[in-house]
Amino acid sequence: MEAGAVIEVVHQRGLYLPAHDLWLDPERRRDFAFVSHAHGDHTAGHASVLATKATARLMRERVPGKRSEYTPEFGEVWEVCDGRAVLLPAGHVLGSAQLYFEGEGGSLLYTGDFKLRTGLSAEKCEWRHAETLIMETTFGLPKHRMPPAEQVFAEMVEWCRAALADGVTPVLLGYALGKAQEIICALIAAGLVPMLHHKVWQMTQLYHELRPDFPKGSVRFDAGDPKGKVLVFPPHLAREKVLDRIKKKRTAVVTGWALDKNVTYRYGCDAAFPLSDHADYDELLRYVELVQPKRVLTVHGFAAEFAADLRRRGVEAWALAQENQLELTLPQ
């Protein structure tokens with residue numbers, strides 16, 4: 001390996017390593033790709049995928065079609081694409097993985113969506129040193145600092161109990177895969193009964209299959225029997241006609257964007273709770289410290305802003321697929 005060499009990374013509606021013909025979370029169908037997790041914006045109908053067993057299982061449910069699946073265990077070394085690949089837990093949703101890759105150009109760590117905070121329903125994030133770090137930066141601004149999850153869960157449960165005490169049905173809105181399962185774990189731990197929209201129910205049944213220790217106690221949505229239950233729905237289905245049959249209800253969205261006080265107006269909700277399955281600003285900075293890369297490439301969210309922030313801190317960092325601000329050193 002030449003001194004100063006790094007693995008070339010190209011952004012083409014997904015990340016691509018040309019020297020290894022390896023795609024990372026591409027948007028379009030590819031012959032072979034690494035898929036970090038099963039959210040729709042990271043999956044496509046690829047012919048072959050490298051992913052965790054949990055992600056592959058979830059994809060079978062969410063992405064139609066046949067595909068070859070290569071599913072190493074976390075930490076297992078796989079020879080692939082003229083290099084060595086290791087999957088590391090990302091802490092985002094169940095089965096989410098980062099890709100650590102070593103090739104002739106050096107070492108690379110691709111996070112996909114990740115968070116350092118330990119959740120209730122996903123594997124704890126791990127890391128290792130790499131020369132190139134590609135990281136998602138959804139919450140890449142200093143104002144994006146999440147409160148402790150325990151505090152958010154406590155406030156969410158208190159809000160639900162207050163609604164139930166008033167004879168009102170509480171409705172919590174969270175993504176069917178990942179966020180909903182965090183909500184379910186918190187509700188069951190508090191002695192409440194989650195009643196799940198069929199999309200949430202479907203994903204939660206897969207969690208039970210993949211994680212036998214996932215807490216039991218949820219019931220499937222029945223518009224005729226919501227009394228005493230906490231409804232859990234995906235955000236985009238909050239205005240389903242079936243909910244109109246429940247005359248007395250209060251709705252709250254569970255999202256990291258609840259840091260913005262106007263989020264209740266955007267979602268048309270009564271309340272909002274700031275809980276995210278992405279790393280916040282402080283975690284993004286901490287992750288760079290942990291990995292100690294020679295360079296950082298940022299994607300998604302506030303990629304350009306966070307890369308500029310890192311450069312001011314003395315770290316070589318550039319946003320992929322965005323304009324990087326031109327920085328000039330002016331004479332004194």
# chains A, B, ... in the order shown; residues from 1 in each chain; ligands from 1
>>> residues_around(residues="A:Arg29", least_positions_apart="3", cutoff="6 Å", atoms="only C-alpha atoms", output="count of residues only")
3
>>> closest_atom_pairs(of="stretch 139-241 of chain A", to="stretch 250-269 of chain A", cutoff="6 Å", atoms="only C-alpha atoms", output="CSV")
residue,atom,partner,partner_atom,distance
A:Pro170,CA,A:Arg250,CA,5.0
A:Val171,CA,A:Thr251,CA,4.6
A:Leu172,CA,A:Ala252,CA,5.1
A:Leu173,CA,A:Val253,CA,4.6
A:Gly174,CA,A:Val254,CA,5.5
>>> write_last_selection(atoms="N, CA and C atoms", output="tab-separated table (two decimals), in the first residue's frame")
chain	number	residue	atom	x	y	z
A	170	PRO	N	-54.59	7.95	24.21
A	170	PRO	CA	-53.33	8.54	23.71
A	170	PRO	C	-52.87	7.80	22.46
A	171	VAL	N	-52.40	8.56	21.47
A	171	VAL	CA	-51.88	8.00	20.22
A	171	VAL	C	-50.44	8.49	20.05
A	172	LEU	N	-49.48	7.57	20.00
A	172	LEU	CA	-48.08	7.91	19.80
A	172	LEU	C	-47.69	7.57	18.37
A	173	LEU	N	-47.01	8.48	17.70
A	173	LEU	CA	-46.62	8.32	16.30
A	173	LEU	C	-45.12	8.09	16.20
A	174	GLY	N	-44.75	6.94	15.65
A	174	GLY	CA	-43.33	6.62	15.48
A	174	GLY	C	-43.18	5.64	14.34
>>> closest_residue(among="A:Arg28, A:Arg313, A:His144, A:Arg62", to="A:Lys199", atoms="only C-alpha atoms")
A:Arg62
>>> select_by_dssp(residues="stretch 97-323 of chain A", states="helix (DSSP H, G or I)", output="count of residues only")
78
>>> closest_residue(among="A:Ile184, A:Leu297, A:Val230, A:Val86", to="A:Cys160", atoms="only C-alpha atoms")
A:Val230
>>> residues_around(residues="stretch 107-113 of chain A", least_positions_apart="5", cutoff="10 Å", atoms="only C-alpha atoms", output="MDAnalysis selection string")
chainID A and resid 5:9 15 24:25 35:37 39 42 83:93 96:102 125 127:138 277:279 291 293 295:300
>>> atom_distance(atom1="atom CA of A:Arg286", atom2="atom CA of A:Glu150")
20.5 Å
>>> closest_residue(among="A:Lys294, A:His20, A:Lys249, A:Arg211", to="A:Ala163", atoms="only C-alpha atoms")
A:Lys249
>>> closest_residue(among="A:Leu164, A:Leu94, A:Val315, A:Ala149", to="A:Leu285", atoms="only C-alpha atoms")
A:Val315
>>> closest_residue(among="A:Asp244, A:Pro235, A:Tyr70, A:Gln181", to="A:Ser218", atoms="only C-alpha atoms")
A:Gln181
>>> closest_residue(among="A:Val80, A:Phe233, A:Glu126, A:Ala56", to="A:Gly103", atoms="only C-alpha atoms")
A:Val80
>>> residues_around(residues="A:Asp282", least_positions_apart="2", cutoff="10 Å", atoms="only C-alpha atoms", output="tab-separated table (two decimals) with C-alpha atoms, in the first residue's frame")
chain	number	residue	atom	x	y	z
A	116	LEU	CA	-23.99	5.86	20.36
A	139	PHE	CA	-28.27	16.03	13.31
A	140	GLY	CA	-25.04	17.80	12.38
A	141	LEU	CA	-25.68	21.21	13.97
A	142	PRO	CA	-24.82	22.30	17.55
A	143	LYS	CA	-28.50	22.93	18.30
A	144	HIS	CA	-29.21	19.21	17.80
A	145	ARG	CA	-28.57	17.88	21.30
A	146	MET	CA	-30.98	15.21	22.52
A	279	ALA	CA	-26.59	10.29	16.62
A	280	ASP	CA	-26.99	13.85	17.83
A	284	LEU	CA	-21.09	12.82	16.03
A	285	LEU	CA	-18.13	14.71	17.49
A	286	ARG	CA	-17.48	11.92	19.98
A	287	TYR	CA	-17.51	9.31	17.23
>>> residues_around(residues="A:Leu210", least_positions_apart="2", cutoff="10 Å", atoms="only C-alpha atoms", output="tab-separated table (two decimals) with C-alpha atoms, in the first residue's frame")
chain	number	residue	atom	x	y	z
A	53	LYS	CA	-29.35	-11.72	9.40
A	54	ALA	CA	-31.90	-9.42	11.02
A	57	ARG	CA	-35.08	-11.00	7.35
A	58	LEU	CA	-36.70	-7.57	7.61
A	94	LEU	CA	-32.50	-4.00	15.21
A	95	GLY	CA	-29.87	-5.51	12.93
A	204	THR	CA	-43.01	-6.10	15.99
A	205	GLN	CA	-43.84	-9.74	15.24
A	206	LEU	CA	-40.54	-9.93	13.36
A	207	TYR	CA	-38.78	-8.45	16.41
A	208	HIS	CA	-40.26	-11.27	18.49
A	212	PRO	CA	-37.03	-13.86	21.71
A	213	ASP	CA	-36.46	-11.56	24.70
A	214	PHE	CA	-38.39	-8.68	23.11
>>> residues_around(residues="A:Glu27", least_positions_apart="5", cutoff="9 Å", atoms="only C-alpha atoms", output="PyMOL selection string")
chain A and resi 12-14+41-44
>>> residues_around(residues="A:Gly191", least_positions_apart="4", cutoff="10 Å", atoms="only C-alpha atoms", output="list of chain:residue names")
A:Val157, A:Ala186, A:Leu187, A:Gly217
